[in-house]
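Next up, query-v3.cif (mmCIF, C-alpha atoms and all ligand atoms):
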```cif
data_data
loop_
_atom_site.label_atom_id
_atom_site.label_comp_id
_atom_site.auth_asym_id
_atom_site.auth_seq_id
_atom_site.Cartn_x
_atom_site.Cartn_y
_atom_site.Cartn_z
CA MET A 894 -19.27 -3.79 23.64
CA THR A 895 -16.94 -2.13 21.12
CA HIS A 896 -14.95 -4.31 18.70
CA LEU A 897 -13.01 -2.52 15.94
CA LEU A 898 -11.81 -4.33 12.84
CA ILE A 899 -8.75 -2.60 11.35
CA LEU A 900 -8.05 -3.64 7.74
CA GLY A 901 -4.30 -3.07 7.85
CA GLY A 902 -1.08 -3.47 5.93
CA THR A 903 0.12 0.15 5.91
CA THR A 904 2.13 2.59 7.99
CA GLU A 905 -1.05 4.46 8.88
CA ALA A 906 -2.80 1.25 9.98
CA ASN A 907 0.16 0.50 12.24
CA ALA A 908 0.00 3.95 13.85
CA LEU A 909 -3.73 3.51 14.46
CA ALA A 910 -3.19 0.03 15.95
CA LYS A 911 -0.62 1.42 18.38
CA THR A 912 -2.99 4.14 19.62
CA VAL A 913 -6.00 1.81 19.80
CA ALA A 914 -3.95 -0.66 21.87
CA GLU A 915 -2.71 2.10 24.20
CA LEU A 916 -6.31 3.23 24.78
CA GLY A 917 -7.38 -0.34 25.47
CA ILE A 918 -10.10 -0.29 22.80
CA PRO A 919 -11.02 -3.89 21.83
CA ALA A 920 -9.83 -4.39 18.24
CA THR A 921 -8.56 -6.92 15.70
CA TYR A 922 -5.89 -6.15 13.07
CA SER A 923 -6.33 -7.86 9.73
CA TYR A 924 -3.64 -8.80 7.17
CA ALA A 925 -4.31 -10.38 3.78
CA GLY A 926 -1.36 -12.72 4.28
CA ARG A 927 0.55 -11.37 1.29
CA VAL A 928 4.03 -11.55 2.79
CA GLY A 929 6.02 -14.03 4.82
CA ASN A 930 6.47 -12.22 8.09
CA PRO A 931 4.08 -9.34 8.44
CA ARG A 932 4.99 -6.80 11.07
CA PRO A 933 3.81 -7.85 14.55
CA GLN A 934 1.01 -5.71 16.00
CA PRO A 935 0.02 -4.73 19.59
CA LEU A 936 -3.46 -6.11 18.87
CA PRO A 937 -4.89 -9.55 18.12
CA VAL A 938 -4.11 -10.27 14.43
CA ARG A 939 -6.03 -12.30 11.85
CA VAL A 940 -4.39 -13.22 8.54
CA GLY A 941 -6.00 -14.15 5.21
CA GLY A 942 -8.93 -13.19 3.02
CA PHE A 943 -12.47 -13.17 4.43
CA GLY A 944 -14.03 -14.82 1.36
CA GLY A 945 -15.39 -11.86 -0.55
CA VAL A 946 -18.21 -9.57 0.59
CA ALA A 947 -20.26 -12.44 2.02
CA GLY A 948 -17.28 -13.72 3.98
CA LEU A 949 -16.56 -10.28 5.42
CA ALA A 950 -20.24 -9.74 6.32
CA ALA A 951 -20.24 -13.10 8.09
CA TYR A 952 -17.04 -12.17 9.92
CA LEU A 953 -18.59 -8.89 11.11
CA ARG A 954 -21.62 -10.75 12.42
CA ASP A 955 -19.78 -13.72 13.96
CA HIS A 956 -17.24 -11.47 15.74
CA THR A 957 -19.78 -8.75 16.66
CA VAL A 958 -17.64 -6.10 14.99
CA THR A 959 -19.05 -2.66 15.86
CA HIS A 960 -16.83 -0.48 13.62
CA VAL A 961 -14.56 -1.07 10.62
CA ILE A 962 -11.55 1.11 9.78
CA ASP A 963 -10.26 0.45 6.26
CA ALA A 964 -6.61 1.44 6.58
CA THR A 965 -5.46 -0.59 3.60
CA HIS A 966 -3.23 0.74 0.81
CA PRO A 967 -4.85 2.97 -1.86
CA PHE A 968 -4.21 0.22 -4.43
CA ALA A 969 -6.03 -2.41 -2.33
CA ALA A 970 -9.16 -1.52 -4.30
CA GLN A 971 -10.89 -4.89 -4.03
CA MET A 972 -10.61 -4.98 -0.24
CA SER A 973 -11.91 -1.42 0.01
CA ALA A 974 -14.84 -2.13 -2.30
CA ASN A 975 -15.71 -5.26 -0.31
CA ALA A 976 -15.58 -3.30 2.95
CA VAL A 977 -18.06 -0.71 1.63
CA ALA A 978 -20.46 -3.43 0.46
CA ALA A 979 -20.20 -5.66 3.55
CA CYS A 980 -20.55 -2.78 6.02
CA HIS A 981 -23.53 -1.41 4.09
CA GLN A 982 -25.21 -4.84 4.18
CA SER A 983 -24.43 -5.33 7.86
CA GLY A 984 -25.17 -1.79 9.05
CA VAL A 985 -21.68 -1.59 10.57
CA PRO A 986 -20.13 1.91 10.49
CA LEU A 987 -17.09 2.12 8.16
CA ALA A 988 -14.40 4.79 7.81
CA ALA A 989 -11.27 4.71 5.66
CA LEU A 990 -7.95 5.93 7.04
CA THR A 991 -6.16 7.03 3.91
CA ARG A 992 -3.38 9.34 2.86
CA PRO A 993 -3.34 12.03 0.19
CA ALA A 994 -1.86 11.17 -3.20
CA TRP A 995 1.64 12.48 -3.87
CA VAL A 996 1.76 15.61 -6.04
CA GLU A 997 4.58 16.80 -8.28
CA LYS A 998 6.98 19.37 -6.86
CA ASP A 999 9.48 21.68 -8.58
CA GLY A 1000 12.17 19.56 -10.10
CA ASP A 1001 9.94 16.49 -10.57
CA HIS A 1002 9.65 14.95 -14.03
CA TRP A 1003 6.55 12.76 -13.78
CA GLN A 1004 4.61 11.04 -16.53
CA HIS A 1005 1.16 10.00 -15.19
CA VAL A 1006 -0.37 6.72 -16.35
CA PRO A 1007 -3.84 5.52 -15.25
CA ASP A 1008 -2.92 1.97 -14.14
CA ILE A 1009 -0.39 -0.87 -14.39
CA ASP A 1010 -1.26 -1.53 -18.05
CA GLY A 1011 -0.64 2.14 -18.81
CA ALA A 1012 2.80 1.86 -17.22
CA VAL A 1013 3.58 -1.25 -19.31
CA ALA A 1014 2.54 0.54 -22.50
CA ALA A 1015 4.70 3.55 -21.60
CA LEU A 1016 7.74 1.23 -21.39
CA SER A 1017 7.54 0.19 -25.04
CA GLY A 1018 10.68 2.12 -26.01
CA ALA A 1019 14.40 1.45 -26.25
CA PRO A 1020 16.12 -0.49 -23.43
CA GLN A 1021 16.59 1.45 -20.18
CA ARG A 1022 17.64 0.73 -16.61
CA VAL A 1023 14.29 0.85 -14.80
CA PHE A 1024 13.62 0.87 -11.03
CA LEU A 1025 10.34 -1.05 -11.01
CA ALA A 1026 9.24 -0.30 -7.43
CA VAL A 1027 5.72 -1.71 -7.64
CA GLY A 1028 6.19 -4.93 -5.67
CA ARG A 1029 5.68 -8.50 -6.84
CA MET A 1030 2.03 -9.06 -7.63
CA HIS A 1031 1.97 -7.31 -11.00
CA LEU A 1032 5.43 -8.17 -12.40
CA GLN A 1033 3.90 -10.57 -14.92
CA GLU A 1034 2.32 -7.64 -16.78
CA PHE A 1035 5.76 -6.13 -17.39
CA ALA A 1036 7.04 -9.31 -19.08
CA THR A 1037 5.85 -7.86 -22.43
CA GLN A 1038 8.67 -5.29 -22.11
CA PRO A 1039 11.70 -7.57 -21.56
CA GLN A 1040 14.12 -5.18 -23.28
CA HIS A 1041 14.79 -3.21 -20.10
CA ARG A 1042 17.18 -3.92 -17.25
CA TYR A 1043 14.88 -3.90 -14.19
CA LEU A 1044 15.72 -3.27 -10.56
CA LEU A 1045 13.00 -4.93 -8.45
CA ARG A 1046 12.37 -4.27 -4.75
CA LEU A 1047 10.45 -7.08 -3.09
CA VAL A 1048 9.32 -7.81 0.45
CA ASP A 1049 10.20 -11.52 0.29
CA GLU A 1050 12.81 -13.56 -1.60
CA PRO A 1051 11.11 -14.27 -4.93
CA GLY A 1052 10.63 -17.55 -6.73
CA THR A 1053 11.10 -17.53 -10.50
CA LEU A 1054 10.66 -14.06 -11.97
CA PRO A 1055 8.90 -13.24 -15.26
CA LEU A 1056 11.60 -10.71 -16.30
CA PRO A 1057 14.86 -11.96 -17.93
CA ASN A 1058 17.11 -8.99 -17.12
CA CYS A 1059 16.56 -7.98 -13.53
CA ASP A 1060 18.31 -7.32 -10.25
CA VAL A 1061 16.41 -7.93 -7.01
CA VAL A 1062 16.63 -6.08 -3.70
CA VAL A 1063 14.72 -7.74 -0.86
CA SER A 1064 13.66 -4.97 1.46
CA ARG A 1065 10.45 -3.82 3.11
CA GLY A 1066 9.92 -0.13 3.82
CA PRO A 1067 9.67 2.41 5.14
CA PHE A 1068 12.62 3.59 3.01
CA THR A 1069 15.02 6.56 3.34
CA LEU A 1070 16.19 9.15 0.81
CA ALA A 1071 19.86 8.37 1.37
CA ASP A 1072 19.40 4.64 0.86
CA ASP A 1073 17.16 5.03 -2.18
CA GLN A 1074 19.49 7.56 -3.80
CA ALA A 1075 22.51 5.29 -3.25
CA LEU A 1076 20.56 2.27 -4.57
CA MET A 1077 19.49 4.12 -7.72
CA GLN A 1078 23.01 5.44 -8.35
CA ARG A 1079 24.55 2.00 -7.80
CA HIS A 1080 22.21 0.54 -10.40
CA GLU A 1081 22.56 3.54 -12.75
CA ILE A 1082 18.77 3.87 -12.85
CA GLN A 1083 17.34 5.97 -15.70
CA LEU A 1084 13.60 5.72 -14.91
CA VAL A 1085 11.53 5.03 -11.77
CA VAL A 1086 8.10 3.34 -11.96
CA SER A 1087 5.93 4.01 -8.89
CA LYS A 1088 2.36 3.60 -7.71
CA ASN A 1089 0.91 6.75 -6.22
CA ALA A 1090 0.81 5.16 -2.78
CA GLY A 1091 1.00 8.45 -0.89
CA GLY A 1092 2.21 8.55 2.66
CA LEU A 1093 5.76 8.64 3.96
CA GLY A 1094 6.74 4.97 3.73
CA ALA A 1095 7.62 4.88 0.06
CA ARG A 1096 8.13 8.45 -1.06
CA ALA A 1097 11.93 8.27 -0.67
CA LYS A 1098 12.33 6.97 -4.22
CA LEU A 1099 10.55 10.06 -5.56
CA ASP A 1100 12.78 12.42 -3.58
CA ALA A 1101 15.82 10.45 -4.78
CA ALA A 1102 14.60 10.64 -8.41
CA ARG A 1103 14.22 14.43 -8.07
CA ALA A 1104 17.71 14.75 -6.57
CA LEU A 1105 19.13 12.69 -9.42
CA GLY A 1106 17.06 14.47 -12.09
CA LEU A 1107 15.39 11.20 -13.13
CA PRO A 1108 11.94 10.84 -14.70
CA VAL A 1109 9.16 8.97 -12.86
CA LEU A 1110 6.35 6.93 -14.40
CA MET A 1111 3.58 7.59 -11.80
CA ILE A 1112 0.70 5.10 -11.71
CA ASP A 1113 -2.46 6.87 -10.59
CA ARG A 1114 -4.74 5.31 -7.99
CA PRO A 1115 -7.71 3.13 -8.84
CA ALA A 1116 -11.13 4.68 -8.29
CA LEU A 1117 -12.72 3.69 -4.96
CA PRO A 1118 -16.40 3.73 -3.94
CA GLN A 1119 -17.80 6.59 -1.85
CA ARG A 1120 -17.06 6.21 1.91
CA VAL A 1121 -16.11 8.28 4.93
CA GLU A 1122 -12.41 9.15 4.45
CA LEU A 1123 -10.22 10.26 7.36
CA SER A 1124 -6.58 11.26 7.11
CA SER A 1125 -5.19 10.97 10.65
CA VAL A 1126 -5.37 8.78 13.73
CA ALA A 1127 -6.84 11.76 15.64
CA GLN A 1128 -9.67 11.99 13.11
CA VAL A 1129 -10.35 8.27 13.54
CA LEU A 1130 -10.57 8.64 17.34
CA ASP A 1131 -12.95 11.58 16.88
CA TRP A 1132 -15.07 9.51 14.49
CA LEU A 1133 -15.14 6.63 16.99
CA ALA A 1134 -16.11 8.95 19.86
CA HIS A 1135 -18.96 10.32 17.77
CA SER A 1136 -20.00 6.75 16.97
CA GLY A 1137 -20.47 5.96 20.63
CA VAL A 1138 -17.08 4.48 21.47
CA ASN A 1139 -15.92 5.32 25.01
CA LEU A 1140 -12.25 6.19 24.45
CA GLY A 1141 -11.64 6.09 28.19
CA VAL A 1142 -9.63 9.32 28.07
C1 LIG B 1201 1.42 -7.43 3.68
C2 LIG B 1201 2.78 -5.70 5.90
C3 LIG B 1201 5.22 -0.23 8.01
C4 LIG B 1201 4.30 -0.50 6.85
C5 LIG B 1201 5.13 -0.74 5.60
C6 LIG B 1201 2.96 2.04 3.23
C7 LIG B 1201 4.45 1.78 3.46
C8 LIG B 1201 6.37 0.26 3.31
C9 LIG B 1201 5.49 1.29 0.46
C10 LIG B 1201 8.89 0.54 -2.94
C11 LIG B 1201 7.39 0.42 -2.79
C12 LIG B 1201 4.67 -1.74 -2.51
C13 LIG B 1201 4.48 -2.92 -1.51
C14 LIG B 1201 4.97 -1.00 -0.29
C15 LIG B 1201 4.93 -0.07 0.71
C16 LIG B 1201 4.85 0.32 3.29
C17 LIG B 1201 4.23 -0.58 4.36
C18 LIG B 1201 4.29 -0.33 2.01
C19 LIG B 1201 5.45 -0.70 -1.67
C20 LIG B 1201 3.88 -4.45 3.78
C21 LIG B 1201 3.03 -5.51 4.45
C22 LIG B 1201 2.37 -6.24 3.49
C23 LIG B 1201 2.68 -5.66 2.23
C24 LIG B 1201 2.12 -6.14 0.94
C25 LIG B 1201 2.86 -5.61 -0.23
C26 LIG B 1201 2.32 -6.00 -1.62
C27 LIG B 1201 3.10 -4.95 -2.51
C28 LIG B 1201 3.15 -3.72 -1.61
C29 LIG B 1201 5.69 -3.84 -1.47
C30 LIG B 1201 4.02 -5.63 6.77
C31 LIG B 1201 5.36 -4.61 4.00
C32 LIG B 1201 5.41 -2.17 -3.74
C33 LIG B 1201 3.32 -1.09 -2.90
O1 LIG B 1201 5.21 -9.78 -2.32
C34 LIG B 1201 4.03 -9.37 -2.25
O2 LIG B 1201 3.01 -10.08 -2.47
C35 LIG B 1201 3.82 -7.92 -1.87
C36 LIG B 1201 2.59 -7.42 -1.99
C37 LIG B 1201 0.82 -5.83 -1.70
C38 LIG B 1201 2.41 -4.60 -3.82
C39 LIG B 1201 2.56 -5.64 -4.91
O3 LIG B 1201 1.79 -5.50 -5.86
O4 LIG B 1201 3.45 -6.52 -4.77
N1 LIG B 1201 2.79 -4.17 -0.27
N2 LIG B 1201 3.54 -4.63 2.36
C40 LIG B 1201 0.04 -6.85 3.97
C41 LIG B 1201 -1.01 -7.95 4.16
O5 LIG B 1201 -0.69 -9.15 4.07
O6 LIG B 1201 -2.16 -7.55 4.45
O7 LIG B 1201 4.71 -6.65 6.80
O8 LIG B 1201 4.22 -4.58 7.36
C42 LIG B 1201 3.42 -3.09 4.29
C43 LIG B 1201 3.97 -1.87 3.65
N3 LIG B 1201 4.21 -1.74 2.39
O9 LIG B 1201 5.18 0.90 8.48
O10 LIG B 1201 5.98 -1.15 8.40
O11 LIG B 1201 2.25 2.13 4.23
O12 LIG B 1201 2.55 2.11 2.06
N4 LIG B 1201 4.47 -2.25 -0.21
C44 LIG B 1201 3.47 0.30 -3.53
O13 LIG B 1201 3.27 1.29 -2.82
O14 LIG B 1201 3.84 0.32 -4.71
C45 LIG B 1201 6.98 -0.69 -1.82
O15 LIG B 1201 9.59 -0.51 -2.93
O16 LIG B 1201 9.35 1.69 -3.08
P1 LIG B 1202 -6.76 -6.26 -2.86
O1 LIG B 1202 -6.26 -6.62 -4.19
O2 LIG B 1202 -7.64 -5.06 -2.71
O3 LIG B 1202 -7.55 -7.46 -2.17
C1 LIG B 1202 -7.65 -8.74 -2.77
C2 LIG B 1202 -8.20 -9.65 -1.69
O4 LIG B 1202 -7.22 -9.83 -0.67
C3 LIG B 1202 -9.39 -9.06 -0.94
O5 LIG B 1202 -10.59 -9.21 -1.66
C4 LIG B 1202 -9.36 -9.87 0.35
O6 LIG B 1202 -9.76 -11.22 0.11
C5 LIG B 1202 -7.86 -9.92 0.61
N1 LIG B 1202 -7.39 -8.80 1.46
C6 LIG B 1202 -6.81 -7.66 1.06
N2 LIG B 1202 -6.43 -6.92 2.12
C7 LIG B 1202 -6.81 -7.63 3.23
C8 LIG B 1202 -6.69 -7.39 4.63
N3 LIG B 1202 -6.06 -6.30 5.11
N4 LIG B 1202 -7.21 -8.34 5.47
C9 LIG B 1202 -7.81 -9.45 4.98
N5 LIG B 1202 -7.92 -9.75 3.66
C10 LIG B 1202 -7.43 -8.82 2.81
O7 LIG B 1202 -5.54 -6.11 -1.82
P2 LIG B 1202 -3.95 -6.04 -2.13
O8 LIG B 1202 -3.67 -4.88 -3.00
O9 LIG B 1202 -3.51 -7.42 -2.52
O10 LIG B 1202 -3.38 -5.70 -0.67
C11 LIG B 1202 -3.24 -6.74 0.27
C12 LIG B 1202 -2.67 -6.18 1.55
O11 LIG B 1202 -1.41 -5.55 1.29
C13 LIG B 1202 -3.53 -5.15 2.23
O12 LIG B 1202 -3.40 -5.29 3.63
C14 LIG B 1202 -2.91 -3.84 1.81
O13 LIG B 1202 -3.13 -2.81 2.77
C15 LIG B 1202 -1.45 -4.23 1.77
N6 LIG B 1202 -0.68 -3.39 0.85
C16 LIG B 1202 -1.01 -3.40 -0.47
C17 LIG B 1202 -0.27 -2.58 -1.34
C18 LIG B 1202 -0.58 -2.56 -2.80
O14 LIG B 1202 0.22 -1.98 -3.53
N7 LIG B 1202 -1.65 -3.16 -3.24
C19 LIG B 1202 0.78 -1.79 -0.82
C20 LIG B 1202 1.07 -1.83 0.56
C21 LIG B 1202 0.33 -2.64 1.39
P3 LIG B 1202 -11.28 -11.75 0.34
O15 LIG B 1202 -12.04 -11.22 -0.84
O16 LIG B 1202 -11.15 -13.23 0.36
O17 LIG B 1202 -11.75 -11.16 1.64
#
```
What would you get if you wrote out this structure as structure tokens?
Amino acid sequence: MTHLLILGGTTEANALAKTVAELGIPATYSYAGRVGNPRPQPLPVRVGGFGGVAGLAAYLRDHTVTHVIDATHPFAAQMSANAVAACHQSGVPLAALTRPAWVEKDGDHWQHVPDIDGAVAALSGAPQRVFLAVGRMHLQEFATQPQHRYLLRLVDEPGTLPLPNCDVVVSRGPFTLADDQALMQRHEIQLVVSKNAGGLGARAKLDAARALGLPVLMIDRPALPQRVELSSVAQVLDWLAHSGVNLGV
């Protein structure tokens, strides 16, 4: 009996969940529980960590999971590493559904930094108006550069923030070029800080930066362990069919 575990939290995971539900393939969608009201899914949902590699391996066994699709965000490196280890231990087939990194186009002015700390170091100059579009979890690291005026975009209303001079927009994506361009003009943004998330859900700020001739501080992705990597829902269905799943089509 097939039982897919989809490690979710992205636009691609949501597209996969929709197709899997339409095909009637037994599956569970998993959120970490990072935000207040995660998007509802057409599948049974579980929320919260598994408890490391051992916890995930136990979950796979206790719920007779037959296949794992890691459709988490490219920066969810710990989850992805745990999935590789737990599936290897348990002998459960694993495939990642990922999206290519964004690449610079004509008119882009990107400065690449290797990680969050690299972005913080690159901000050690004179005060600027900075669109810090990296979410909430790593804001503390930017507190060592309080000289800037930051525009923050968060999924949930924040508690106390570690940055003295900041404006907050509470908004979850996917975002649009028109809205991001208007937002950046309204706040007279001079620099955009972005993770290289890839995909369509968050690229609007890059297209807006290009249109406005603004520089971007692009945080490159963390390294991930070797695993099967697929880049479309169709490829996932093909992988499942070749792993013995009857797609019923
Ligand atoms: C909880 C589940 C969809 C999926 C929406 C995608 C697109 C919009 C772009 C900006 C960048 C950021 C952030 C972002 C994007 C999609 C996708 C994506 C970036 C939700 C969601 C969950 C999260 C967690 C959240 C993090 C934060 C990161 C905001 C749902 C909406 C900045 C990443 O407050 C917090 O704790 C937020 C935590 C991890 C990164 C951070 O460090 O703060 N995502 N985002 C998932 C869970 O619990 O398992 O409610 O839908 C999903 C989405 N976020 O089609 O509806 O697929 O990438 N999410 C980044 O890329 O830098 C926003 O503002 O321009
Ligand atoms: P992370 O740092 O790689 O993971 C930290 C821990 O959170 C994991 O070890 C696991 O806990 C738990 N976890 C993460 N994703 C989970 C999932 N889908 N289901 C169950 N537990 C999960 O992860 P993260 O960067 O915080 O991302 C958390 C969620 O937000 C993921 O769903 C991801 O797709 C989504 N997201 C993240 C970003 C981002 O910028 N990081 C952007 C958009 C969406 P245990 O060890 O206890 O199992």
Env. residues ligand LIG 1202 (chain B) / 9 Å / only C-alpha atoms and all ligand atoms / as a PyMOL selection string: chain A and resi 899-904+906+922-928+939-949+963-976+1027-1028+1030+1088+1090
Just C-alpha atoms for this one: save the residues we selected as a PDB file, keeping the file's coordinate frame.
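Writing done, so here's selection.pdb:
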```pdb
ATOM      1  CA  ILE A 899      -8.750  -2.600  11.350  1.00  0.00           C
ATOM      2  CA  LEU A 900      -8.050  -3.640   7.740  1.00  0.00           C
ATOM      3  CA  GLY A 901      -4.300  -3.070   7.850  1.00  0.00           C
ATOM      4  CA  GLY A 902      -1.080  -3.470   5.930  1.00  0.00           C
ATOM      5  CA  THR A 903       0.120   0.150   5.910  1.00  0.00           C
ATOM      6  CA  THR A 904       2.130   2.590   7.990  1.00  0.00           C
ATOM      7  CA  ALA A 906      -2.800   1.250   9.980  1.00  0.00           C
ATOM      8  CA  TYR A 922      -5.890  -6.150  13.070  1.00  0.00           C
ATOM      9  CA  SER A 923      -6.330  -7.860   9.730  1.00  0.00           C
ATOM     10  CA  TYR A 924      -3.640  -8.800   7.170  1.00  0.00           C
ATOM     11  CA  ALA A 925      -4.310 -10.380   3.780  1.00  0.00           C
ATOM     12  CA  GLY A 926      -1.360 -12.720   4.280  1.00  0.00           C
ATOM     13  CA  ARG A 927       0.550 -11.370   1.290  1.00  0.00           C
ATOM     14  CA  VAL A 928       4.030 -11.550   2.790  1.00  0.00           C
ATOM     15  CA  ARG A 939      -6.030 -12.300  11.850  1.00  0.00           C
ATOM     16  CA  VAL A 940      -4.390 -13.220   8.540  1.00  0.00           C
ATOM     17  CA  GLY A 941      -6.000 -14.150   5.210  1.00  0.00           C
ATOM     18  CA  GLY A 942      -8.930 -13.190   3.020  1.00  0.00           C
ATOM     19  CA  PHE A 943     -12.470 -13.170   4.430  1.00  0.00           C
ATOM     20  CA  GLY A 944     -14.030 -14.820   1.360  1.00  0.00           C
ATOM     21  CA  GLY A 945     -15.390 -11.860  -0.550  1.00  0.00           C
ATOM     22  CA  VAL A 946     -18.210  -9.570   0.590  1.00  0.00           C
ATOM     23  CA  ALA A 947     -20.260 -12.440   2.020  1.00  0.00           C
ATOM     24  CA  GLY A 948     -17.280 -13.720   3.980  1.00  0.00           C
ATOM     25  CA  LEU A 949     -16.560 -10.280   5.420  1.00  0.00           C
ATOM     26  CA  ASP A 963     -10.260   0.450   6.260  1.00  0.00           C
ATOM     27  CA  ALA A 964      -6.610   1.440   6.580  1.00  0.00           C
ATOM     28  CA  THR A 965      -5.460  -0.590   3.600  1.00  0.00           C
ATOM     29  CA  HIS A 966      -3.230   0.740   0.810  1.00  0.00           C
ATOM     30  CA  PRO A 967      -4.850   2.970  -1.860  1.00  0.00           C
ATOM     31  CA  PHE A 968      -4.210   0.220  -4.430  1.00  0.00           C
ATOM     32  CA  ALA A 969      -6.030  -2.410  -2.330  1.00  0.00           C
ATOM     33  CA  ALA A 970      -9.160  -1.520  -4.300  1.00  0.00           C
ATOM     34  CA  GLN A 971     -10.890  -4.890  -4.030  1.00  0.00           C
ATOM     35  CA  MET A 972     -10.610  -4.980  -0.240  1.00  0.00           C
ATOM     36  CA  SER A 973     -11.910  -1.420   0.010  1.00  0.00           C
ATOM     37  CA  ALA A 974     -14.840  -2.130  -2.300  1.00  0.00           C
ATOM     38  CA  ASN A 975     -15.710  -5.260  -0.310  1.00  0.00           C
ATOM     39  CA  ALA A 976     -15.580  -3.300   2.950  1.00  0.00           C
ATOM     40  CA  VAL A1027       5.720  -1.710  -7.640  1.00  0.00           C
ATOM     41  CA  GLY A1028       6.190  -4.930  -5.670  1.00  0.00           C
ATOM     42  CA  MET A1030       2.030  -9.060  -7.630  1.00  0.00           C
ATOM     43  CA  LYS A1088       2.360   3.600  -7.710  1.00  0.00           C
ATOM     44  CA  ALA A1090       0.810   5.160  -2.780  1.00  0.00           C
TER      45      ALA A1090
END
```
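Across A:Tyr1043, A:Phe1035, A:Phe1024, A:Tyr952, the tightest approach to ligand LIG 1201 (chain B) is made by A:Phe1024 when counting only C-alpha atoms and all ligand atoms.
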Neighbour list for A:Pro935 as a VMD selection string, cut-off 8 Å, all atoms listed in the file, skip fewer than 2 positions in-chain: chain A and resid 910 to 911 914 933 937
Output file for the residues above (C-alpha atoms, as a PDB file, in the coordinates of the input):
```pdb
ATOM      1  CA  ALA A 910      -3.190   0.030  15.950  1.00  0.00           C
ATOM      2  CA  LYS A 911      -0.620   1.420  18.380  1.00  0.00           C
ATOM      3  CA  ALA A 914      -3.950  -0.660  21.870  1.00  0.00           C
ATOM      4  CA  PRO A 933       3.810  -7.850  14.550  1.00  0.00           C
ATOM      5  CA  PRO A 937      -4.890  -9.550  18.120  1.00  0.00           C
TER       6      PRO A 937
END
```
Per residue of stretch 976-1087 of chain A within 9 Å of stretch 1102-1110 of chain A, which atom pair is closest and at what distance in Å (one decimal), using all atoms listed in the file, listed by chain and increasing number, as a tab-separated table?
```
residue	atom	partner	partner_atom	distance
A:Lys998	CA	A:Arg1103	CA	8.8
A:Asp999	CA	A:Arg1103	CA	8.7
A:Gly1000	CA	A:Arg1103	CA	5.9
A:Asp1001	CA	A:Arg1103	CA	5.4
A:His1002	CA	A:Pro1108	CA	4.8
A:Trp1003	CA	A:Val1109	CA	4.7
A:Gln1004	CA	A:Leu1110	CA	4.9
A:His1005	CA	A:Leu1110	CA	6.1
A:Val1006	CA	A:Leu1110	CA	7.0
A:Ala1012	CA	A:Leu1110	CA	6.8
A:Ala1015	CA	A:Leu1110	CA	8.1
A:Asp1073	CA	A:Ala1102	CA	8.8
A:Gln1074	CA	A:Ala1102	CA	7.4
A:Met1077	CA	A:Ala1102	CA	8.2
A:Gln1078	CA	A:Leu1105	CA	8.3
A:Ile1082	CA	A:Leu1107	CA	8.1
A:Gln1083	CA	A:Leu1107	CA	6.1
A:Leu1084	CA	A:Pro1108	CA	5.4
A:Val1085	CA	A:Val1109	CA	4.7
A:Val1086	CA	A:Leu1110	CA	4.7
A:Ser1087	CA	A:Leu1110	CA	6.3
```
Please provide the set of residues having any atom within 10 Å of A:Gly1094, restricted to only C-alpha atoms, with same-chain residues fewer than 5 positions apart removed, written as a PDB file with C-alpha atoms, keeping the file's coordinate frame.
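And here's result-v8.pdb as it stands now:
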```
ATOM      1  CA  THR A 903       0.120   0.150   5.910  1.00  0.00           C
ATOM      2  CA  THR A 904       2.130   2.590   7.990  1.00  0.00           C
ATOM      3  CA  GLU A 905      -1.050   4.460   8.880  1.00  0.00           C
ATOM      4  CA  ARG A1065      10.450  -3.820   3.110  1.00  0.00           C
ATOM      5  CA  GLY A1066       9.920  -0.130   3.820  1.00  0.00           C
ATOM      6  CA  PRO A1067       9.670   2.410   5.140  1.00  0.00           C
ATOM      7  CA  PHE A1068      12.620   3.590   3.010  1.00  0.00           C
ATOM      8  CA  THR A1069      15.020   6.560   3.340  1.00  0.00           C
TER       9      THR A1069
END
```
Neighbours of point (-18.3, 5.0, 19.3) within 12 Å, using all atoms listed in the file, written as a list in words: Met894, Thr895, His896, Leu897, Ile918, Pro919, Val958, Thr959, His960, Val961, Val985, Pro986, Leu987, Val1129, Leu1130, Asp1131, Trp1132, Leu1133, Ala1134, His1135, Ser1136, Gly1137, Val1138, Asn1139, Leu1140 and Gly1141 of chain A
Nearest-residue call for ligand LIG 1201 (chain B), choices A:Glu997, A:Glu1034, A:Asp1049, A:Glu1081, using all atoms listed in the file: A:Asp1049
Atomic separation - atom C10 of ligand LIG 1201 (chain B) relative to atom CA of A:Leu1045, Å: 8.8 Å
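In this comparison, which uses only C-alpha atoms, the residue of A:Ala1097, A:Val1048, A:Cys1059, A:Ile1009 approaching A:Gln1021 most closely is A:Cys1059.
Take the candidates A:Leu990, A:Val913, A:Leu1016, A:Leu1032 and check each one against ligand LIG 1201 (chain B) using all atoms listed in the file; the shortest distance goes to A:Leu1032.
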Best match for closeness to ligand LIG 1201 (chain B) among A:Leu1025, A:Ala988, A:Val1121, A:Val1126, counting all atoms listed in the file: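 Of all the options, A:Leu1025 lies closest to ligand LIG 1201 (chain B).
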